[in-house]
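Printed here is final-v8.pdb (PDB, C-alpha atoms and all ligand atoms):
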```
ATOM      1  CA  MET A   1     127.490  62.865  18.919
ATOM      2  CA  ALA A   2     126.058  66.000  20.563
ATOM      3  CA  THR A   3     124.908  65.990  24.183
ATOM      4  CA  ALA A   4     121.804  67.464  25.820
ATOM      5  CA  LEU A   5     121.388  67.961  29.582
ATOM      6  CA  ILE A   6     117.831  68.379  30.816
ATOM      7  CA  THR A   7     117.288  69.311  34.471
ATOM      8  CA  GLY A   8     114.394  67.771  36.427
ATOM      9  CA  SER A   9     113.933  65.165  33.716
ATOM     10  CA  SER A  10     112.832  61.971  35.511
ATOM     11  CA  ARG A  11     109.188  62.700  34.667
ATOM     12  CA  GLY A  12     106.723  65.237  33.268
ATOM     13  CA  ILE A  13     107.752  67.817  30.702
ATOM     14  CA  GLY A  14     111.483  67.222  31.332
ATOM     15  CA  ALA A  15     111.210  63.498  30.548
ATOM     16  CA  ALA A  16     109.244  64.255  27.356
ATOM     17  CA  ILE A  17     111.924  66.747  26.269
ATOM     18  CA  ALA A  18     114.690  64.218  27.019
ATOM     19  CA  LEU A  19     112.941  61.529  24.955
ATOM     20  CA  ARG A  20     112.322  63.905  22.050
ATOM     21  CA  LEU A  21     115.963  65.074  22.000
ATOM     22  CA  ALA A  22     117.044  61.396  22.084
ATOM     23  CA  GLN A  23     114.822  60.787  19.038
ATOM     24  CA  ASP A  24     116.613  63.775  17.438
ATOM     25  CA  GLY A  25     119.925  61.925  17.999
ATOM     26  CA  TYR A  26     121.364  63.599  21.114
ATOM     27  CA  ASP A  27     123.104  61.671  23.869
ATOM     28  CA  ILE A  28     121.089  62.461  26.974
ATOM     29  CA  ALA A  29     122.148  63.566  30.456
ATOM     30  CA  LEU A  30     119.143  63.203  32.748
ATOM     31  CA  ASN A  31     118.983  64.993  36.102
ATOM     32  CA  ASP A  32     116.774  64.946  39.141
ATOM     33  CA  ILE A  33     117.072  65.838  42.782
ATOM     34  CA  SER A  34     116.975  62.265  44.100
ATOM     35  CA  GLU A  35     117.707  58.730  42.924
ATOM     36  CA  ALA A  36     114.199  57.752  44.036
ATOM     37  CA  MET A  37     112.750  59.792  41.160
ATOM     38  CA  PHE A  38     114.183  57.208  38.727
ATOM     39  CA  GLU A  39     112.711  54.180  40.517
ATOM     40  CA  ASP A  40     109.640  52.567  38.869
ATOM     41  CA  ASN A  41     110.425  54.753  35.892
ATOM     42  CA  ASP A  42     111.373  53.582  32.385
ATOM     43  CA  ILE A  43     112.668  56.879  30.978
ATOM     44  CA  MET A  44     116.276  55.627  30.701
ATOM     45  CA  GLU A  45     115.150  52.463  28.840
ATOM     46  CA  LYS A  46     113.008  54.526  26.450
ATOM     47  CA  ILE A  47     115.935  56.833  25.703
ATOM     48  CA  THR A  48     118.527  54.088  25.170
ATOM     49  CA  ALA A  49     116.034  52.336  22.861
ATOM     50  CA  CYS A  50     116.561  55.355  20.551
ATOM     51  CA  GLY A  51     120.180  54.193  20.074
ATOM     52  CA  VAL A  52     121.812  57.033  22.027
ATOM     53  CA  LYS A  53     123.759  57.109  25.291
ATOM     54  CA  CYS A  54     121.921  58.056  28.461
ATOM     55  CA  GLU A  55     123.211  58.682  31.995
ATOM     56  CA  LYS A  56     121.516  60.125  35.064
ATOM     57  CA  PHE A  57     123.097  62.729  37.330
ATOM     58  CA  ILE A  58     121.604  63.328  40.775
ATOM     59  CA  ALA A  59     121.906  66.979  41.803
ATOM     60  CA  ASP A  60     119.863  69.715  43.454
ATOM     61  CA  VAL A  61     120.037  72.442  40.829
ATOM     62  CA  SER A  62     119.312  75.175  43.383
ATOM     63  CA  LYS A  63     122.801  74.481  44.821
ATOM     64  CA  TYR A  64     125.783  75.851  42.916
ATOM     65  CA  ASP A  65     128.227  73.178  44.123
ATOM     66  CA  HIS A  66     125.856  70.378  43.005
ATOM     67  CA  CYS A  67     125.586  71.987  39.564
ATOM     68  CA  GLU A  68     129.349  72.413  39.325
ATOM     69  CA  GLU A  69     129.888  68.692  40.015
ATOM     70  CA  MET A  70     127.117  67.654  37.620
ATOM     71  CA  VAL A  71     128.285  69.815  34.697
ATOM     72  CA  LYS A  72     131.857  68.530  35.123
ATOM     73  CA  ALA A  73     130.600  64.918  35.260
ATOM     74  CA  VAL A  74     128.483  65.424  32.120
ATOM     75  CA  LYS A  75     131.466  66.869  30.228
ATOM     76  CA  ASP A  76     133.736  64.040  31.449
ATOM     77  CA  THR A  77     131.140  61.384  30.500
ATOM     78  CA  PHE A  78     130.070  62.660  27.084
ATOM     79  CA  GLY A  79     132.946  64.940  25.992
ATOM     80  CA  SER A  80     130.735  67.938  25.138
ATOM     81  CA  LEU A  81     127.660  69.820  26.303
ATOM     82  CA  ASP A  82     125.669  71.186  23.383
ATOM     83  CA  VAL A  83     122.114  71.727  24.663
ATOM     84  CA  LEU A  84     121.060  72.768  28.166
ATOM     85  CA  VAL A  85     117.359  72.687  29.046
ATOM     86  CA  ASN A  86     116.641  74.420  32.358
ATOM     87  CA  ASN A  87     113.423  72.545  33.148
ATOM     88  CA  ALA A  88     113.486  71.716  36.894
ATOM     89  CA  GLY A  89     110.824  73.675  38.710
ATOM     90  CA  ILE A  90     108.439  73.544  41.653
ATOM     91  CA  THR A  91     105.249  75.233  42.780
ATOM     92  CA  ARG A  92     104.388  76.144  46.392
ATOM     93  CA  ASP A  93     101.178  78.101  45.822
ATOM     94  CA  GLY A  94      99.327  80.351  48.240
ATOM     95  CA  LEU A  95      98.103  83.916  48.468
ATOM     96  CA  MET A  96     100.876  86.429  49.171
ATOM     97  CA  ALA A  97      99.333  87.449  52.508
ATOM     98  CA  ARG A  98      99.823  83.904  53.779
ATOM     99  CA  MET A  99     103.082  83.070  51.997
ATOM    100  CA  SER A 100     106.045  82.485  54.301
ATOM    101  CA  GLU A 101     109.503  83.852  53.566
ATOM    102  CA  GLU A 102     110.873  80.282  53.494
ATOM    103  CA  ILE A 103     108.414  79.199  50.795
ATOM    104  CA  TYR A 104     109.127  82.341  48.760
ATOM    105  CA  ASP A 105     112.886  81.757  48.983
ATOM    106  CA  LEU A 106     112.594  78.037  48.161
ATOM    107  CA  VAL A 107     110.705  78.604  44.894
ATOM    108  CA  ILE A 108     113.101  81.367  43.831
ATOM    109  CA  ALA A 109     116.094  79.128  44.601
ATOM    110  CA  VAL A 110     114.821  76.080  42.692
ATOM    111  CA  ASN A 111     113.215  77.852  39.728
ATOM    112  CA  GLN A 112     115.401  80.926  39.268
ATOM    113  CA  LYS A 113     118.804  80.561  40.927
ATOM    114  CA  SER A 114     119.144  77.149  39.275
ATOM    115  CA  VAL A 115     119.039  78.899  35.900
ATOM    116  CA  PHE A 116     121.948  81.131  36.962
ATOM    117  CA  ASN A 117     123.907  78.124  38.277
ATOM    118  CA  MET A 118     123.407  75.944  35.224
ATOM    119  CA  THR A 119     123.694  78.674  32.567
ATOM    120  CA  LYS A 120     126.931  80.048  34.015
ATOM    121  CA  LEU A 121     128.519  76.587  34.243
ATOM    122  CA  ALA A 122     127.265  75.128  30.954
ATOM    123  CA  GLY A 123     127.813  78.500  29.261
ATOM    124  CA  THR A 124     131.536  78.323  30.097
ATOM    125  CA  ILE A 125     131.829  75.004  28.234
ATOM    126  CA  MET A 126     129.696  76.259  25.333
ATOM    127  CA  MET A 127     131.799  79.448  25.015
ATOM    128  CA  LYS A 128     134.932  77.315  24.593
ATOM    129  CA  GLN A 129     133.069  75.177  22.015
ATOM    130  CA  ARG A 130     131.808  78.405  20.339
ATOM    131  CA  SER A 131     128.382  76.799  20.009
ATOM    132  CA  GLY A 132     125.469  75.827  22.213
ATOM    133  CA  ARG A 133     121.752  76.030  22.817
ATOM    134  CA  ILE A 134     120.156  77.027  26.111
ATOM    135  CA  ILE A 135     116.399  76.628  26.501
ATOM    136  CA  ASN A 136     114.616  77.796  29.639
ATOM    137  CA  LEU A 137     111.194  76.760  30.939
ATOM    138  CA  SER A 138     109.243  79.900  31.829
ATOM    139  CA  SER A 139     105.441  79.917  32.154
ATOM    140  CA  VAL A 140     102.377  81.963  31.282
ATOM    141  CA  ALA A 141     102.436  82.831  35.020
ATOM    142  CA  GLY A 142     105.709  84.673  34.338
ATOM    143  CA  LEU A 143     104.196  86.562  31.410
ATOM    144  CA  TYR A 144     100.832  87.539  32.927
ATOM    145  CA  GLY A 145     101.014  86.800  36.690
ATOM    146  CA  ASN A 146      98.656  84.426  38.478
ATOM    147  CA  ALA A 147      96.862  84.948  41.811
ATOM    148  CA  GLY A 148      98.244  82.478  44.355
ATOM    149  CA  GLN A 149     101.589  82.183  42.570
ATOM    150  CA  LEU A 150     103.576  85.287  43.553
ATOM    151  CA  ASN A 151     106.753  83.264  44.150
ATOM    152  CA  TYR A 152     106.327  81.091  41.045
ATOM    153  CA  SER A 153     105.394  83.971  38.708
ATOM    154  CA  ALA A 154     108.343  86.037  40.039
ATOM    155  CA  SER A 155     110.731  83.163  39.271
ATOM    156  CA  LYS A 156     109.257  82.559  35.813
ATOM    157  CA  ALA A 157     109.307  86.296  34.910
ATOM    158  CA  ALA A 158     112.945  86.479  36.049
ATOM    159  CA  ILE A 159     113.757  83.609  33.698
ATOM    160  CA  ILE A 160     112.575  85.763  30.779
ATOM    161  CA  GLY A 161     115.025  88.552  31.756
ATOM    162  CA  MET A 162     117.772  85.980  32.220
ATOM    163  CA  THR A 163     117.013  84.440  28.795
ATOM    164  CA  LYS A 164     117.331  87.788  26.994
ATOM    165  CA  THR A 165     120.476  88.765  28.915
ATOM    166  CA  THR A 166     122.112  85.388  28.252
ATOM    167  CA  ALA A 167     121.246  85.722  24.561
ATOM    168  CA  LYS A 168     122.956  89.137  24.498
ATOM    169  CA  GLU A 169     126.031  88.037  26.478
ATOM    170  CA  LEU A 170     126.679  84.751  24.661
ATOM    171  CA  GLY A 171     125.339  85.409  21.146
ATOM    172  CA  SER A 172     128.728  86.406  19.712
ATOM    173  CA  ARG A 173     130.053  82.944  20.720
ATOM    174  CA  GLY A 174     127.478  81.098  18.627
ATOM    175  CA  ILE A 175     125.223  80.322  21.602
ATOM    176  CA  THR A 176     121.468  80.903  21.462
ATOM    177  CA  CYS A 177     119.218  81.215  24.498
ATOM    178  CA  ASN A 178     115.435  81.080  24.293
ATOM    179  CA  ALA A 179     112.519  80.356  26.611
ATOM    180  CA  VAL A 180     109.237  78.528  26.256
ATOM    181  CA  ALA A 181     106.235  79.600  28.304
ATOM    182  CA  PRO A 182     103.771  76.710  28.669
ATOM    183  CA  GLY A 183     100.157  77.293  29.632
ATOM    184  CA  PHE A 184      98.169  74.449  31.182
ATOM    185  CA  ILE A 185      99.838  71.158  30.349
ATOM    186  CA  GLN A 186      98.363  67.782  31.323
ATOM    187  CA  THR A 187     100.658  66.650  34.151
ATOM    188  CA  PRO A 188     100.134  65.534  37.767
ATOM    189  CA  MET A 189     100.075  69.298  38.552
ATOM    190  CA  THR A 190      96.944  69.948  36.454
ATOM    191  CA  ASP A 191      95.380  66.566  37.387
ATOM    192  CA  LYS A 192      95.136  67.890  40.970
ATOM    193  CA  LEU A 193      92.725  70.716  39.975
ATOM    194  CA  ASN A 194      89.032  70.246  40.893
ATOM    195  CA  GLU A 195      86.288  70.052  38.223
ATOM    196  CA  ASP A 196      85.251  73.728  38.631
ATOM    197  CA  GLN A 197      88.854  74.912  38.275
ATOM    198  CA  LYS A 198      89.323  72.702  35.194
ATOM    199  CA  LYS A 199      86.144  74.087  33.582
ATOM    200  CA  ALA A 200      87.184  77.701  34.257
ATOM    201  CA  ILE A 201      90.638  77.095  32.768
ATOM    202  CA  LEU A 202      89.340  75.330  29.648
ATOM    203  CA  ASN A 203      86.983  78.267  29.038
ATOM    204  CA  MET A 204      89.996  80.584  28.754
ATOM    205  CA  ILE A 205      91.849  78.398  26.229
ATOM    206  CA  ALA A 206      91.045  78.977  22.538
ATOM    207  CA  MET A 207      91.764  75.307  21.727
ATOM    208  CA  LYS A 208      89.541  74.104  24.646
ATOM    209  CA  ARG A 209      92.005  71.465  25.817
ATOM    210  CA  TYR A 210      95.148  71.148  27.911
ATOM    211  CA  GLY A 211      98.504  70.851  26.207
ATOM    212  CA  GLN A 212     100.400  67.554  26.134
ATOM    213  CA  VAL A 213     104.006  67.259  27.297
ATOM    214  CA  GLU A 214     105.015  66.230  23.757
ATOM    215  CA  GLU A 215     103.757  69.608  22.504
ATOM    216  CA  ILE A 216     106.308  71.372  24.725
ATOM    217  CA  ALA A 217     109.043  68.906  23.728
ATOM    218  CA  GLY A 218     108.415  69.584  20.018
ATOM    219  CA  VAL A 219     109.051  73.326  20.394
ATOM    220  CA  VAL A 220     112.177  72.684  22.494
ATOM    221  CA  SER A 221     113.387  70.296  19.772
ATOM    222  CA  PHE A 222     112.911  73.070  17.194
ATOM    223  CA  LEU A 223     114.833  75.585  19.345
ATOM    224  CA  ALA A 224     117.695  73.077  19.662
ATOM    225  CA  SER A 225     117.705  72.340  15.915
ATOM    226  CA  LYS A 226     119.638  73.894  12.999
ATOM    227  CA  ASP A 227     116.360  75.453  11.816
ATOM    228  CA  ALA A 228     116.449  77.764  14.862
ATOM    229  CA  SER A 229     120.069  78.860  14.385
ATOM    230  CA  TYR A 230     119.085  82.572  14.075
ATOM    231  CA  VAL A 231     116.446  82.566  16.847
ATOM    232  CA  THR A 232     117.678  83.931  20.176
ATOM    233  CA  GLY A 233     116.362  85.885  23.165
ATOM    234  CA  GLN A 234     112.772  84.856  22.377
ATOM    235  CA  VAL A 235     109.920  83.572  24.525
ATOM    236  CA  ILE A 236     107.570  81.174  22.766
ATOM    237  CA  GLU A 237     104.197  80.810  24.476
ATOM    238  CA  ILE A 238     102.742  77.282  24.162
ATOM    239  CA  SER A 239      99.277  77.649  25.601
ATOM    240  CA  GLY A 240      96.669  76.760  22.977
ATOM    241  CA  GLY A 241      95.743  80.428  22.712
ATOM    242  CA  LEU A 242      95.270  81.169  26.420
ATOM    243  CA  SER A 243      96.168  84.810  26.383
ATOM    244  CA  MET A 244      94.865  86.358  23.163
TER     245      MET A 244
HETATM  246  P1  LIG B   1     107.199  68.069  37.440
HETATM  247  O1  LIG B   1     106.390  66.952  36.846
HETATM  248  O2  LIG B   1     107.021  68.413  38.886
HETATM  249  O3  LIG B   1     108.742  67.754  37.137
HETATM  250  C1  LIG B   1     109.759  68.585  37.600
HETATM  251  C2  LIG B   1     110.903  67.714  38.028
HETATM  252  O4  LIG B   1     111.949  68.564  38.565
HETATM  253  C3  LIG B   1     110.504  66.751  39.149
HETATM  254  O5  LIG B   1     110.981  65.454  38.889
HETATM  255  C4  LIG B   1     111.166  67.370  40.357
HETATM  256  O6  LIG B   1     111.463  66.467  41.400
HETATM  257  C5  LIG B   1     112.415  67.960  39.745
HETATM  258  N1  LIG B   1     113.032  68.904  40.652
HETATM  259  C6  LIG B   1     112.434  69.684  41.587
HETATM  260  N2  LIG B   1     113.324  70.376  42.273
HETATM  261  C7  LIG B   1     114.544  70.042  41.782
HETATM  262  C8  LIG B   1     115.871  70.430  42.101
HETATM  263  N3  LIG B   1     116.108  71.311  43.071
HETATM  264  N4  LIG B   1     116.889  69.885  41.405
HETATM  265  C9  LIG B   1     116.648  68.973  40.437
HETATM  266  N5  LIG B   1     115.412  68.564  40.091
HETATM  267  C10 LIG B   1     114.369  69.092  40.756
HETATM  268  O7  LIG B   1     106.979  69.434  36.640
HETATM  269  P2  LIG B   1     106.439  69.676  35.134
HETATM  270  O8  LIG B   1     104.984  69.945  35.237
HETATM  271  O9  LIG B   1     106.942  68.640  34.212
HETATM  272  O10 LIG B   1     107.157  71.083  34.823
HETATM  273  C11 LIG B   1     108.446  71.170  34.230
HETATM  274  C12 LIG B   1     108.785  72.650  34.027
HETATM  275  O11 LIG B   1     107.772  73.263  33.222
HETATM  276  C13 LIG B   1     108.828  73.432  35.337
HETATM  277  O12 LIG B   1     109.861  74.395  35.270
HETATM  278  C14 LIG B   1     107.471  74.111  35.373
HETATM  279  O13 LIG B   1     107.494  75.287  36.150
HETATM  280  C15 LIG B   1     107.244  74.403  33.898
HETATM  281  N6  LIG B   1     105.812  74.567  33.557
HETATM  282  C16 LIG B   1     104.926  73.538  33.742
HETATM  283  C17 LIG B   1     103.572  73.729  33.413
HETATM  284  C18 LIG B   1     102.558  72.638  33.575
HETATM  285  O14 LIG B   1     101.372  72.866  33.252
HETATM  286  N7  LIG B   1     102.916  71.450  34.028
HETATM  287  C19 LIG B   1     103.165  74.981  32.927
HETATM  288  C20 LIG B   1     104.101  76.001  32.778
HETATM  289  C21 LIG B   1     105.444  75.786  33.081
HETATM  290  P3  LIG B   1     110.490  66.438  42.721
HETATM  291  O15 LIG B   1     109.218  65.819  42.306
HETATM  292  O16 LIG B   1     111.285  65.639  43.711
HETATM  293  O17 LIG B   1     110.278  67.865  43.176
END
```

Write out the structure in this file as C-alpha cells.
Ligand code: NAP
Amino acid sequence: MATALITGSSRGIGAAIALRLAQDGYDIALNDISEAMFEDNDIMEKITACGVKCEKFIADVSKYDHCEEMVKAVKDTFGSLDVLVNNAGITRDGLMARMSEEIYDLVIAVNQKSVFNMTKLAGTIMMKQRSGRIINLSSVAGLYGNAGQLNYSASKAAIIGMTKTTAKELGSRGITCNAVAPGFIQTPMTDKLNEDQKKAILNMIAMKRYGQVEEIAGVVSFLASKDASYVTGQVIEISGGLSM
C-alpha cells in the first residue's frame, strides 16, 4: 500500500486532500501543529472508514528537527513515503508599511521554509525508492500578488520556484513535483470576509462562486495519480477563472 503525508491536514483543504487520497487507496499520514487540532474532529474516522491506515503526527513544519522526526516516524510506521503534500500554511495579513519583521519572518518560516524541510527529507526517501510525488500548495497571491499580503504572496511565489527546481533536481529519479494555486476557496478564511469584500471578489471570478475544498483535492489526486506521470514542474491554477 502506498503512503501519503499531508501537512496541516486536521481541517480545511488539507483534510479534504487527505480524505480524497484515502478514497484513492493511500494510507494516510496526517499532520498538524498541535494535538488540539484533532479534538472534536472526525477526519481520522472518515479516513479509516475508507479501509486504509491512518495515523497523526504532531509537528511544527517550520522547524527542521520536527520534520526530521516526523518523516522518520512516517517511514517507520508505513514502510514507504510515496506522496508528500506541502499544505500547511498561515496568513498574517497587513499592509507592508505596518508589517512587523516578526510577522514577515513567521509567515515565511511556516509557508516557505517548511517546503524546504519536508521536500529535502521526504525527497531523500523518494530518491532511494526511485519514485514519488510532491505537490505544493501555492496561491493566486503567489502568481499575481495581493495588497495586504506581502509576506504571504512572497512565500507562495517562492513555492513556485521551489516546485520547478525540485522537479529539475529529482526528475531523473522518477519523482514529480507540481504546485496548485487555489483562488478563493470556501474555508473559515473566506468566511471571515465582510459582505462588500465577498461581492468584490465574486465579481472577479468568471464562475461567480467560491471554490470548494473538494475541488482542490480532486486536482491534487490527479497530480498524485498514474495519469499525471509525465507532468512535472507545473503550477495549476484552481480559481474558477479569477485571472483571465
Ligand atoms: P487552514 O484551514 O488554516 O488549515 C491549515 C492547517 O495548517 C491548520 O490546521 C493549521 O493549524 C496548520 N498549520 C499551521 N501552521 C502549521 C505548522 N507550523 N505546522 C503544521 N501545521 C500547521 O488553511 P486552508 O485554507 O485549508 O489552506 C491550506 C493551504 O492552502 C495553505 O497553504 C493556504 O495558504 C493554501 N491556500 C488556501 C486558500 C483558501 O482560499 N483557503 C487559497 C489559496 C491557497 P493552526 O490552525 O493551528 O494554524

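Considering all atoms listed in the file, the residue among A:Asp191, A:Asp82, A:Asp60, A:Glu69 positioned nearest to ligand LIG 1 (chain B) is A:Asp60.
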
Given the file above and the PyMOL selection byres (((chain A and resi 47) around 10) and not hetatm), which residues are selected, and can you give them as a PyMOL selection string?
chain A and resi 15+18-23+26-28+42-46+48-55

If we count only C-alpha atoms and set the cut-off at 9 Å, which residues sit around stretch 75-77 of chain A, ignoring sequence neighbours fewer than 5 positions away in its own chain? Please answer as a VMD selection string.
chain A and resid 3 55 70 125

Starting from the point (90.6, 73.5, 23.7), work out which residues of protein, DNA or RNA have an atom no more than 12 Å away when counting only C-alpha atoms; state them as an NGL selection string.
:A and (183-185 or 198-212 or 239-242)

Emit as lines of an AutoDock Vina configuration file the padded axis-aligned box for all listed atoms of ligand LIG 1 (chain B), 4 Å per side, with centre and edge lengths in Å to one decimal.
```
center_x = 109.1
center_y = 70.7
center_z = 38.2
size_x = 23.5
size_y = 18.5
size_z = 18.9
```

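Put simply, atom CA of A:Val220 is 25.4 Å away from atom CA of A:Arg92.
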
Name the residues that the PyMOL selection byres (((not hetatm)) within 6 of (chain B and resi 1)) pulls out of this structure, and write them as a ChimeraX atom specification.
/A:7-14,32-33,59-62,87-90,110,137-139,182-185,187,189

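Checking A:Leu193, A:Val219, A:Ala16, A:Glu68 one by one against A:Ile238, counting all atoms listed in the file, you find the shortest gap at A:Val219.
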
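Comparing the minimum interatomic distances between A:Met99 and each of A:Gly148, A:Ile6, A:Gln129, A:Asp65, counting all atoms listed in the file, we find that A:Gly148 sits nearest.
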
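Of the residues listed (A:Leu106, A:Ala179, A:Ala224, A:Leu81), A:Leu81 shows the shortest atom-to-atom separation from A:Gly123; distances use all atoms listed in the file.
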
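The coordinates place atom CA of A:Ser229 at 10.2 Å from atom CA of A:Ser131.
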
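Considering all atoms listed in the file, the residue among A:Tyr64, A:Asp24, A:Thr91, A:Leu150 positioned nearest to A:Lys226 is A:Asp24.
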
Given all atoms listed in the file as the counted atoms, nearest of A:Thr124, A:Thr176, A:Ser243, A:Ser100 to A:Ser225:
A:Thr176

Please provide as a ChimeraX atom specification all residues within 10 Å of A:Gln234, with the sequence filter that same-chain residues fewer than 6 positions apart are discarded (counting only C-alpha atoms).
/A:135,160,163-164,167,176-180,223

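Between atom CA of A:Met96 and atom CA of A:Gln149 the interatomic distance comes to 7.9 Å.
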
Determine, counting all atoms listed in the file, which protein, DNA and RNA residues have an atom within 8 Å of an atom of A:Ala141; residues of the same chain fewer than 2 positions away are not included. Present the result as an MDAnalysis selection string.
chainID A and resid 139 143:146 149 152:153 156:157

What's the 10 Å shell around A:Ala73, counting only C-alpha atoms, without same-chain residues fewer than 6 positions away, as JSON, numbers by chain?
{"A": [29, 57, 67, 79]}
